[in-house]
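One file, structure_19.cif, carrying mmCIF, C-alpha atoms:
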```cif
data_coords
loop_
_atom_site.label_atom_id
_atom_site.label_comp_id
_atom_site.auth_asym_id
_atom_site.auth_seq_id
_atom_site.Cartn_x
_atom_site.Cartn_y
_atom_site.Cartn_z
CA MET A 158 23.21 -5.34 -20.55
CA SER A 159 24.62 -8.50 -22.03
CA SER A 160 23.47 -10.58 -19.06
CA THR A 161 19.89 -9.36 -19.21
CA PRO A 162 17.47 -12.26 -19.95
CA ALA A 163 16.03 -12.11 -23.48
CA GLN A 164 12.47 -11.41 -22.35
CA PHE A 165 13.62 -8.28 -20.48
CA ARG A 166 15.68 -7.11 -23.45
CA ASP A 167 12.76 -7.58 -25.82
CA ALA A 168 9.73 -6.52 -23.75
CA PRO A 169 8.33 -3.13 -24.90
CA ILE A 170 8.48 -1.36 -21.56
CA PHE A 171 5.80 1.01 -20.31
CA ASP A 172 7.28 2.64 -17.22
CA ALA A 173 4.36 3.66 -15.00
CA ASP A 174 6.53 5.68 -12.60
CA GLN A 175 8.89 8.30 -13.96
CA HIS A 176 9.29 11.92 -12.88
CA MET A 177 10.13 15.40 -14.08
CA TYR A 178 12.05 18.03 -12.17
CA GLU A 179 10.07 21.26 -12.33
CA THR A 180 11.68 24.63 -12.89
CA PRO A 181 11.08 27.30 -10.20
CA GLU A 182 8.58 29.06 -12.47
CA ALA A 183 6.38 25.95 -12.58
CA LEU A 184 4.37 27.12 -9.58
CA THR A 185 4.54 30.86 -10.24
CA LYS A 186 4.46 31.64 -13.97
CA PHE A 187 0.67 31.33 -14.23
CA LEU A 188 -0.19 32.11 -10.62
CA PRO A 189 -2.62 35.06 -10.32
CA GLN A 190 -1.03 38.30 -9.12
CA ARG A 191 -2.96 38.28 -5.84
CA TYR A 192 -1.08 35.12 -4.85
CA SER A 193 2.34 36.35 -5.95
CA ARG A 194 3.72 36.35 -2.41
CA ALA A 195 2.16 33.01 -1.46
CA VAL A 196 4.82 30.91 -3.23
CA GLN A 197 8.44 31.94 -2.76
CA PHE A 198 11.91 30.43 -2.82
CA ALA A 199 14.02 31.62 0.10
CA GLN A 200 17.67 31.22 1.01
CA PHE A 201 18.52 29.81 4.45
CA GLY A 202 22.28 29.79 4.70
CA ARG A 203 23.54 27.56 1.88
CA HIS A 204 20.12 25.99 1.33
CA THR A 205 17.18 27.04 -0.81
CA ARG A 206 13.76 26.26 0.60
CA ILE A 207 10.27 26.67 -0.79
CA VAL A 208 7.88 28.77 1.27
CA ILE A 209 4.17 28.28 0.63
CA ASN A 210 1.66 30.41 2.51
CA ASN A 211 4.45 31.38 4.94
CA ARG A 212 5.20 27.72 5.67
CA VAL A 213 8.80 26.65 5.06
CA SER A 214 9.23 23.11 3.78
CA ASP A 215 12.38 21.01 3.61
CA PHE A 216 10.54 17.88 2.44
CA ILE A 217 12.39 18.24 -0.86
CA PRO A 218 16.03 19.17 -0.09
CA ASN A 219 16.58 21.33 -3.20
CA PRO A 220 13.27 22.56 -4.66
CA THR A 221 14.98 24.26 -7.61
CA PHE A 222 16.51 20.92 -8.69
CA GLU A 223 19.62 22.66 -10.00
CA ARG A 224 21.66 19.96 -8.28
CA VAL A 225 20.14 16.54 -7.60
CA ALA A 226 21.11 13.08 -6.43
CA ALA A 227 22.06 10.79 -9.30
CA PRO A 228 19.36 8.43 -10.57
CA GLY A 229 19.47 5.19 -8.60
CA ALA A 230 21.91 6.52 -5.99
CA HIS A 231 19.94 4.89 -3.18
CA GLU A 232 19.40 1.54 -4.91
CA LYS A 233 21.41 -0.50 -2.39
CA PHE A 234 19.50 1.04 0.51
CA PHE A 235 16.09 0.11 -0.90
CA ALA A 236 17.34 -3.29 -2.05
CA GLY A 237 18.30 -4.04 1.56
CA GLU A 238 22.01 -4.16 0.74
CA ASN A 239 23.17 -1.43 3.12
CA SER A 240 25.54 -3.59 5.16
CA ASP A 241 27.74 -0.58 5.95
CA GLY A 242 24.86 1.26 7.62
CA LEU A 243 25.14 4.37 5.46
CA THR A 244 22.55 7.11 5.62
CA LEU A 245 20.76 8.08 2.42
CA ARG A 246 22.80 11.27 2.25
CA GLU A 247 26.07 9.35 2.66
CA MET A 248 25.01 6.83 0.07
CA GLN A 249 24.13 9.30 -2.65
CA GLY A 250 27.60 10.85 -2.93
CA GLN A 251 28.12 14.06 -4.85
CA ALA A 252 25.11 15.82 -6.32
CA ILE A 253 24.93 16.23 -10.10
CA GLU A 254 23.33 18.73 -12.42
CA ALA A 255 19.78 17.75 -13.23
CA PRO A 256 19.92 15.60 -16.40
CA PRO A 257 18.38 17.35 -19.43
CA ALA A 258 15.87 14.49 -19.66
CA THR A 259 14.32 15.66 -16.39
CA ARG A 260 13.69 19.16 -17.69
CA GLY A 261 11.93 18.82 -21.04
CA PRO A 262 10.05 16.33 -23.25
CA ALA A 263 12.38 16.13 -26.26
CA ASP A 264 15.33 15.19 -24.09
CA ARG A 265 13.16 12.74 -22.15
CA ILE A 266 12.15 10.95 -25.36
CA ALA A 267 15.82 10.60 -26.25
CA GLU A 268 16.43 9.14 -22.79
CA LEU A 269 13.50 6.73 -23.17
CA ASP A 270 15.04 5.53 -26.42
CA ARG A 271 18.36 4.96 -24.68
CA GLN A 272 16.64 3.13 -21.82
CA GLY A 273 14.62 0.92 -24.14
CA VAL A 274 11.35 2.31 -22.77
CA ARG A 275 8.49 2.72 -25.23
CA GLU A 276 6.09 4.75 -23.08
CA ALA A 277 6.17 6.34 -19.64
CA ILE A 278 3.96 8.23 -17.23
CA SER A 279 5.80 11.26 -15.85
CA TYR A 280 4.81 12.85 -12.54
CA PRO A 281 5.82 16.23 -11.15
CA THR A 282 8.20 16.06 -8.18
CA LEU A 283 7.86 19.42 -6.44
CA ALA A 284 4.08 19.11 -6.53
CA SER A 285 4.24 16.39 -3.88
CA LEU A 286 4.40 19.00 -1.14
CA VAL A 287 2.04 21.68 -2.52
CA GLU A 288 -1.31 20.35 -1.37
CA HIS A 289 0.01 19.66 2.11
CA SER A 290 1.71 23.03 2.52
CA SER A 291 -1.27 25.08 1.33
CA ALA A 292 -4.07 22.91 2.77
CA ASP A 293 -5.20 25.59 5.24
CA ASP A 294 -6.16 27.80 2.27
CA PRO A 295 -8.17 25.75 -0.27
CA GLU A 296 -8.46 28.67 -2.70
CA LEU A 297 -4.69 29.03 -2.76
CA THR A 298 -4.28 25.30 -3.26
CA LEU A 299 -6.57 25.36 -6.27
CA ALA A 300 -4.76 28.40 -7.70
CA ILE A 301 -1.30 26.80 -7.37
CA ILE A 302 -2.47 23.50 -8.83
CA HIS A 303 -4.06 25.24 -11.81
CA ALA A 304 -0.89 27.29 -12.36
CA LEU A 305 1.19 24.11 -12.28
CA ASN A 306 -1.15 22.37 -14.70
CA GLN A 307 -0.90 25.32 -17.09
CA TRP A 308 2.89 25.23 -16.90
CA MET A 309 2.93 21.49 -17.47
CA ALA A 310 0.65 21.80 -20.50
CA GLU A 311 2.91 24.48 -21.98
CA HIS A 312 6.31 23.06 -21.08
CA TRP A 313 5.81 19.29 -21.30
CA THR A 314 2.36 18.84 -22.87
CA TYR A 315 0.19 16.11 -21.41
CA ASN A 316 0.71 13.71 -24.29
CA TYR A 317 4.06 14.01 -26.04
CA ARG A 318 4.28 11.93 -29.21
CA GLY A 319 2.00 9.30 -27.78
CA ARG A 320 4.88 8.10 -25.58
CA LEU A 321 5.28 10.46 -22.65
CA PHE A 322 2.17 11.10 -20.57
CA SER A 323 2.59 13.91 -18.04
CA THR A 324 0.09 13.98 -15.20
CA PRO A 325 -1.80 17.15 -14.34
CA ILE A 326 -3.17 17.28 -10.81
CA LEU A 327 -6.79 17.29 -9.73
CA ASN A 328 -7.42 18.74 -6.29
CA LEU A 329 -10.82 17.94 -4.81
CA SER A 330 -11.14 20.56 -2.08
CA GLU A 331 -14.12 21.97 -4.00
CA VAL A 332 -16.23 19.79 -6.28
CA ASP A 333 -17.07 22.54 -8.77
CA ALA A 334 -13.44 23.61 -9.02
CA ALA A 335 -12.34 20.00 -9.53
CA GLN A 336 -14.85 19.65 -12.35
CA ARG A 337 -13.56 22.83 -13.99
CA GLU A 338 -9.96 21.65 -13.68
CA LEU A 339 -10.95 18.32 -15.20
CA GLU A 340 -12.49 20.15 -18.16
CA PHE A 341 -9.28 22.17 -18.55
CA ILE A 342 -6.90 19.23 -18.59
CA LEU A 343 -9.11 17.19 -20.92
CA ALA A 344 -9.31 20.14 -23.32
CA HIS A 345 -5.50 20.20 -23.31
CA GLY A 346 -5.13 16.52 -24.12
CA ALA A 347 -4.63 14.85 -20.72
CA LYS A 348 -4.59 11.05 -20.90
CA VAL A 349 -4.06 10.43 -17.17
CA ALA A 350 -4.30 12.58 -14.04
CA LEU A 351 -2.94 12.64 -10.51
CA VAL A 352 -4.94 12.75 -7.26
CA LYS A 353 -3.25 12.96 -3.84
CA PRO A 354 -4.22 9.96 -1.69
CA GLY A 355 -5.75 11.53 1.37
CA PRO A 356 -8.58 13.69 2.68
CA VAL A 357 -9.05 17.21 1.34
CA ASN A 358 -9.82 20.48 3.11
CA GLY A 359 -12.71 22.35 1.54
CA LEU A 360 -15.89 24.26 2.27
CA HIS A 361 -17.05 21.62 4.75
CA GLY A 362 -13.70 21.07 6.44
CA TRP A 363 -11.63 17.92 6.04
CA ARG A 364 -13.42 15.25 4.02
CA SER A 365 -12.75 12.06 2.14
CA PRO A 366 -12.95 12.72 -1.62
CA ALA A 367 -14.87 9.44 -1.91
CA LEU A 368 -17.98 10.69 -0.08
CA PRO A 369 -21.17 10.99 -2.18
CA GLU A 370 -20.87 14.79 -2.30
CA PHE A 371 -17.95 14.30 -4.72
CA ASP A 372 -19.99 12.10 -7.08
CA PRO A 373 -20.40 14.82 -9.76
CA PHE A 374 -16.62 14.89 -10.15
CA TRP A 375 -16.19 11.11 -10.27
CA ARG A 376 -19.12 10.86 -12.70
CA ASP A 377 -17.29 13.22 -15.05
CA VAL A 378 -14.03 11.27 -14.67
CA GLU A 379 -15.78 8.00 -15.48
CA ALA A 380 -17.58 9.52 -18.46
CA ALA A 381 -14.25 10.84 -19.80
CA GLY A 382 -12.60 7.43 -19.34
CA LEU A 383 -9.67 9.21 -17.66
CA PRO A 384 -7.42 6.95 -15.56
CA ILE A 385 -6.46 8.34 -12.14
CA VAL A 386 -3.15 7.74 -10.36
CA LEU A 387 -2.86 7.91 -6.57
CA HIS A 388 0.84 8.65 -6.21
CA ALA A 389 2.69 8.77 -2.90
CA SER A 390 2.93 12.34 -1.68
CA TYR A 391 3.75 14.34 1.43
CA PRO A 392 2.71 11.96 4.25
CA PRO A 393 -0.58 13.16 5.79
CA LEU A 394 0.38 11.46 9.08
CA ASP A 395 3.49 13.63 9.48
CA GLU A 396 1.93 15.77 12.22
CA TYR A 397 0.81 12.66 14.09
CA VAL A 398 4.32 11.22 14.03
CA GLY A 399 5.60 14.59 15.24
CA ARG A 400 3.76 13.97 18.51
CA TRP A 401 5.86 10.84 19.13
CA GLU A 402 9.27 12.32 18.49
CA PRO A 403 10.62 15.82 17.79
CA PRO A 404 9.82 16.73 14.16
CA HIS A 405 13.28 18.19 13.57
CA THR A 406 12.98 17.71 9.81
CA GLN A 407 10.48 16.74 7.14
CA ASN A 408 13.25 15.75 4.75
CA PHE A 409 12.75 12.10 3.82
CA MET A 410 16.54 11.58 3.56
CA ALA A 411 16.92 12.35 7.27
CA MET A 412 13.90 10.48 8.64
CA SER A 413 14.34 8.41 11.78
CA ALA A 414 13.75 4.66 11.90
CA PHE A 415 10.59 5.29 13.93
CA ARG A 416 9.25 7.67 11.29
CA TRP A 417 10.02 5.18 8.51
CA MET A 418 8.07 2.47 10.37
CA VAL A 419 5.03 4.49 11.36
CA LEU A 420 4.49 6.50 8.20
CA GLY A 421 4.65 3.38 6.07
CA HIS A 422 1.94 3.46 3.42
CA ARG A 423 -1.12 4.09 5.52
CA GLU A 424 -2.32 6.91 3.26
CA ILE A 425 -2.83 4.71 0.19
CA ALA A 426 -4.57 1.95 2.19
CA ASP A 427 -6.89 4.52 3.75
CA MET A 428 -7.62 6.19 0.40
CA ILE A 429 -8.56 2.94 -1.31
CA THR A 430 -10.53 1.84 1.75
CA SER A 431 -12.50 5.07 1.45
CA LEU A 432 -13.11 4.59 -2.28
CA ILE A 433 -14.55 1.15 -1.49
CA CYS A 434 -16.31 1.72 1.86
CA HIS A 435 -17.78 5.06 0.85
CA GLY A 436 -19.03 3.44 -2.34
CA THR A 437 -17.35 5.50 -5.07
CA LEU A 438 -16.09 2.45 -6.96
CA THR A 439 -19.48 0.76 -6.76
CA ARG A 440 -21.36 3.83 -7.95
CA PHE A 441 -18.80 4.30 -10.75
CA PRO A 442 -17.58 0.79 -11.61
CA LYS A 443 -15.71 1.85 -14.75
CA LEU A 444 -13.21 4.06 -12.91
CA ARG A 445 -9.57 3.05 -13.35
CA ILE A 446 -7.46 3.85 -10.29
CA ALA A 447 -3.75 3.10 -9.86
CA SER A 448 -1.57 3.11 -6.76
CA VAL A 449 1.97 4.18 -7.68
CA GLU A 450 5.08 4.42 -5.51
CA SER A 451 3.31 3.22 -2.38
CA GLY A 452 4.64 -0.31 -2.49
CA SER A 453 2.47 -3.35 -1.93
CA SER A 454 3.06 -4.50 1.66
CA TRP A 455 -0.26 -2.90 2.67
CA ILE A 456 -2.36 -5.00 0.27
CA PHE A 457 -2.47 -8.37 2.02
CA PRO A 458 -3.42 -6.92 5.45
CA LEU A 459 -6.07 -4.77 3.74
CA PHE A 460 -7.51 -7.80 1.94
CA ASN A 461 -7.58 -9.75 5.21
CA ASP A 462 -9.34 -6.89 7.02
CA PHE A 463 -11.94 -6.56 4.25
CA ASP A 464 -12.59 -10.30 4.32
CA GLU A 465 -13.25 -10.14 8.07
CA LEU A 466 -15.30 -6.94 7.91
CA VAL A 467 -17.67 -8.13 5.21
CA LYS A 468 -18.67 -11.06 7.44
CA LYS A 469 -19.56 -8.63 10.24
CA MET A 470 -21.19 -5.88 8.16
CA PRO A 471 -22.45 -7.44 4.91
CA GLN A 472 -25.19 -4.81 4.69
CA ASN A 473 -22.51 -2.17 4.06
CA PHE A 474 -21.14 -3.86 0.96
CA PRO A 475 -23.40 -4.27 -2.10
CA GLU A 476 -20.34 -5.86 -3.73
CA HIS A 477 -17.56 -7.80 -2.07
CA PRO A 478 -14.77 -5.26 -1.48
CA LEU A 479 -12.10 -7.61 -2.85
CA ASP A 480 -14.05 -7.93 -6.10
CA VAL A 481 -14.21 -4.13 -6.28
CA PHE A 482 -10.48 -3.82 -5.67
CA ARG A 483 -9.62 -6.38 -8.34
CA ARG A 484 -11.94 -4.71 -10.84
CA ASN A 485 -10.91 -1.08 -10.35
CA ILE A 486 -7.41 -0.91 -8.85
CA TRP A 487 -4.01 -1.27 -10.53
CA VAL A 488 -0.86 -1.45 -8.41
CA SER A 489 2.73 -0.52 -9.18
CA PRO A 490 4.79 -2.20 -6.43
CA PHE A 491 8.20 -0.99 -5.44
CA TRP A 492 10.84 -2.33 -7.80
CA GLU A 493 12.49 -4.08 -4.86
CA GLY A 494 9.22 -5.73 -3.74
CA CYS A 495 7.82 -9.17 -4.50
CA VAL A 496 5.77 -8.99 -7.69
CA SER A 497 4.45 -12.54 -7.38
CA ASP A 498 2.66 -11.76 -4.10
CA VAL A 499 0.89 -8.80 -5.69
CA VAL A 500 -0.03 -10.68 -8.86
CA ASN A 501 -1.46 -13.59 -6.90
CA THR A 502 -3.48 -11.21 -4.69
CA VAL A 503 -4.87 -8.50 -6.97
CA GLY A 504 -4.73 -10.24 -10.35
CA TRP A 505 -2.26 -10.87 -13.15
CA ASP A 506 -3.51 -7.95 -15.28
CA LYS A 507 -3.44 -5.28 -12.57
CA VAL A 508 0.26 -5.07 -11.65
CA MET A 509 2.47 -2.49 -13.39
CA PHE A 510 6.19 -1.84 -13.54
CA GLY A 511 7.60 1.48 -12.32
CA SER A 512 11.26 2.48 -12.07
CA ASP A 513 10.87 5.86 -10.29
CA TYR A 514 13.50 7.31 -12.65
CA PRO A 515 15.28 9.74 -12.16
CA HIS A 516 14.88 9.77 -8.40
CA PRO A 517 17.73 8.43 -6.26
CA GLU A 518 15.42 5.81 -4.73
CA GLY A 519 14.55 4.52 -8.19
CA LEU A 520 16.38 2.46 -10.76
CA ALA A 521 19.00 4.19 -12.86
CA GLU A 522 18.08 1.81 -15.70
CA PRO A 523 14.48 0.54 -15.92
CA ARG A 524 15.67 -2.66 -17.58
CA GLY A 525 17.82 -3.27 -14.51
CA PHE A 526 14.66 -4.56 -12.83
CA TRP A 527 15.48 -8.02 -14.15
CA LYS A 528 17.89 -8.40 -11.20
CA TYR A 529 14.92 -8.23 -8.82
CA ALA A 530 12.36 -10.15 -10.87
CA GLU A 531 11.23 -13.57 -9.79
CA GLY A 532 9.52 -16.40 -11.63
CA MET A 533 8.58 -14.46 -14.77
CA ASP A 534 8.11 -16.21 -18.08
CA VAL A 535 7.84 -14.27 -21.35
CA ARG A 536 4.10 -13.73 -21.05
CA ARG A 537 4.31 -12.46 -17.49
CA THR A 538 7.25 -10.20 -18.37
CA TYR A 539 5.32 -8.55 -21.19
CA ASP A 540 2.28 -8.04 -18.95
CA PHE A 541 4.18 -6.62 -15.98
CA MET A 542 6.79 -4.58 -17.85
CA GLY A 543 4.31 -2.89 -20.17
CA ASP A 544 0.95 -4.28 -21.17
CA ASN A 545 -0.75 -3.93 -17.80
CA ALA A 546 0.06 -0.20 -17.82
CA ARG A 547 -1.37 -0.06 -21.33
CA ARG A 548 -4.53 -1.71 -20.01
CA PHE A 549 -4.71 0.97 -17.33
CA MET A 550 -4.23 3.72 -19.90
CA GLY A 551 -6.59 2.17 -22.45
CA LEU A 552 -3.83 1.81 -25.07
CA PRO A 553 -3.23 -1.05 -27.55
CA LEU A 554 -1.25 -3.96 -26.12
CA ALA A 555 2.27 -4.71 -27.31
CA ASN A 556 1.88 -8.49 -27.01
CA PRO A 557 -1.29 -9.73 -28.75
CA ASP A 558 -1.15 -12.93 -26.70
CA SER A 559 -1.66 -10.84 -23.56
CA SER A 560 -5.36 -10.49 -24.32
CA ALA A 561 -5.81 -14.22 -23.84
CA ALA A 562 -7.01 -15.91 -20.65
CA SER A 563 -5.22 -15.51 -17.35
CA PRO A 564 -1.76 -17.06 -17.19
CA PRO A 565 -0.85 -19.47 -14.40
CA ALA A 566 -0.09 -18.13 -10.92
CA LEU A 567 3.30 -16.48 -10.66
CA SER A 568 5.91 -18.59 -8.91
CA THR A 569 8.06 -17.10 -6.19
CA ALA A 570 10.90 -19.42 -7.09
#
```
Translate the structure of the given file into structure tokens.
Amino acid sequence: MSSTPAQFRDAPIFDADQHMYETPEALTKFLPQRYSRAVQFAQFGRHTRIVINNRVSDFIPNPTFERVAAPGAHEKFFAGENSDGLTLREMQGQAIEAPPATRGPADRIAELDRQGVREAISYPTLASLVEHSSADDPELTLAIIHALNQWMAEHWTYNYRGRLFSTPILNLSEVDAAQRELEFILAHGAKVALVKPGPVNGLHGWRSPALPEFDPFWRDVEAAGLPIVLHASYPPLDEYVGRWEPPHTQNFMAMSAFRWMVLGHREIADMITSLICHGTLTRFPKLRIASVESGSSWIFPLFNDFDELVKKMPQNFPEHPLDVFRRNIWVSPFWEGCVSDVVNTVGWDKVMFGSDYPHPEGLAEPRGFWKYAEGMDVRRTYDFMGDNARRFMGLPLANPDSSAASPPALSTA
């Protein structure tokens, strides 16, 4: 891009939000035989749907990912430039074959080179619906997640050339099983892991994974120094919204305006509230937790509520909750959001760039973010576009000046 400002051309980018498209065998290749009928792909007319534990899901329109929306196809919608009132489906145009970079690590590294991205965290896509669809059967959930983690370790590896960090999943429905899965992924080189933001269904019913009974797991995570990402997933409030209007589809591309408004990003705010109010982040102050692809509009109201609550219930907070948030939580705002607001709220060193490539709601070119950036000097660009993600991951910084004292507040001009 000839018009790209120099600092965005030169900044060594660490993209904290990229994705893979799994192959159909990702959930089944390593699944024990007794669960062979629990995960199936079925044909409904012209459409393929995934069926988990006899529950059909259309949350992801094409779970085989043979044909996908082009990267960045929905950019104008999310940038608020949809003056023609097009639906997401109308906006995306013709589907394309899944780019090779979405299917394997060697091709992804070549794509990172083309994009000018030095490192990236890569999340599974299909996995976003697994824990929701199988929640009524915790043993099945654990089996599918372990099978997916095995496939990911074999097909992508968890750390490819020190540049591409794929995220195995840790499901906390059972503490012992979560500890065993943690041992497995660490033994296979995991540098970061994924936890669904929301309660889990286990031996004692639905519970917050931040309650003290889960401390053995979080103690092991802290001891391993493993960063944990809370990535947006199947909305846990979907059934609640279904009581307000007919739940004719789960497909995010066909959601109503009401569903868009109500679902929002409540799950990430509730998850982080639990981690703070239930004391996990105070008991384990070295945990590194990141919110990815949940935006940032929830942060200011949450901070305001915490500020008010601590005045009413100081006995419940051995540390001020805002201090805990700023110590333990990193945030990757939506690319179309206001970075300055997040920086000035949670801290200059805790805000990470994420493109959401290759999803249609992401950026086709990570460097294209410069069109949405505001008030960033060279130092701030290096921090946001890469070094803050390296801080989260515990990797060396690209800009040695970034280790200096806090830069000035970020201007919104």
Per-residue nearest contacts of stretch 444-521 of chain A to stretch 420-432 of chain A (12 Å; all atoms listed in the file) as a Markdown table:
```
| residue | atom | partner | partner_atom | distance |
| --- | --- | --- | --- | --- |
| A:Leu444 | CA | A:Leu432 | CA | 10.6 |
| A:Arg445 | CA | A:Leu432 | CA | 11.7 |
| A:Ile446 | CA | A:Ile429 | CA | 9.1 |
| A:Ala447 | CA | A:Ile429 | CA | 9.8 |
| A:Ser448 | CA | A:Ile425 | CA | 7.2 |
| A:Val449 | CA | A:Ile425 | CA | 9.2 |
| A:Glu450 | CA | A:His422 | CA | 9.5 |
| A:Ser451 | CA | A:His422 | CA | 6.0 |
| A:Gly452 | CA | A:His422 | CA | 7.5 |
| A:Ser453 | CA | A:His422 | CA | 8.7 |
| A:Ser454 | CA | A:His422 | CA | 8.2 |
| A:Trp455 | CA | A:Ala426 | CA | 6.5 |
| A:Ile456 | CA | A:Ala426 | CA | 7.5 |
| A:Phe457 | CA | A:Ala426 | CA | 10.5 |
| A:Pro458 | CA | A:Ala426 | CA | 9.5 |
| A:Leu459 | CA | A:Ala426 | CA | 7.1 |
| A:Phe460 | CA | A:Thr430 | CA | 10.1 |
| A:Asp462 | CA | A:Thr430 | CA | 10.3 |
| A:Phe463 | CA | A:Thr430 | CA | 8.9 |
| A:Leu466 | CA | A:Thr430 | CA | 11.7 |
| A:Pro478 | CA | A:Thr430 | CA | 8.9 |
| A:Leu479 | CA | A:Thr430 | CA | 10.6 |
| A:Val481 | CA | A:Leu432 | CA | 9.7 |
| A:Phe482 | CA | A:Ile429 | CA | 8.3 |
| A:Arg483 | CA | A:Ile429 | CA | 11.7 |
| A:Asn485 | CA | A:Leu432 | CA | 10.1 |
| A:Ile486 | CA | A:Ile429 | CA | 8.5 |
| A:Trp487 | CA | A:Ile429 | CA | 11.1 |
| A:Val488 | CA | A:Ile425 | CA | 10.8 |
| A:Pro490 | CA | A:His422 | CA | 11.7 |
| A:Phe491 | CA | A:His422 | CA | 11.7 |
```
Quick one: residues within 8 Å of A:Tyr178, all atoms listed in the file counted, chain neighbours fewer than 2 positions away excluded, as a PyMOL selection string? chain A and resi 176+180+222+255+259-260+281-283
Select, from A:Arg246, A:His516, A:His303, A:Lys528, the residue with the minimum atom-to-atom distance to A:Ser160, counting only C-alpha atoms.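 Closest residue, counting only C-alpha atoms: A:Lys528.
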Under the rule that all atoms listed in the file are counted, which of A:Ile217, A:Ala173, A:Ala334, A:Ala168 is the nearest residue to A:Arg548?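 Of A:Ile217, A:Ala173, A:Ala334, A:Ala168, the one nearest A:Arg548, counting all atoms listed in the file, is A:Ala173.
Atom CA of A:Ala163 sits 17.5 Å away from atom CA of A:Asp558.
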Pick out the closest residue to A:Asn316 from this set: A:Glu296, A:Asn473, A:Leu343, A:Ser291. Count all atoms listed in the file.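 So, comparing all the options, the nearest one is A:Leu343.
Considering only C-alpha atoms, the residue among A:Val419, A:Ala367, A:Val196, A:Ile302 positioned nearest to A:Ile209 is A:Val196.
Comparing A:Trp527, A:Tyr315, A:Trp363, A:Phe165 by their smallest distance to A:Ala344, the closest is A:Tyr315 (using all atoms listed in the file).
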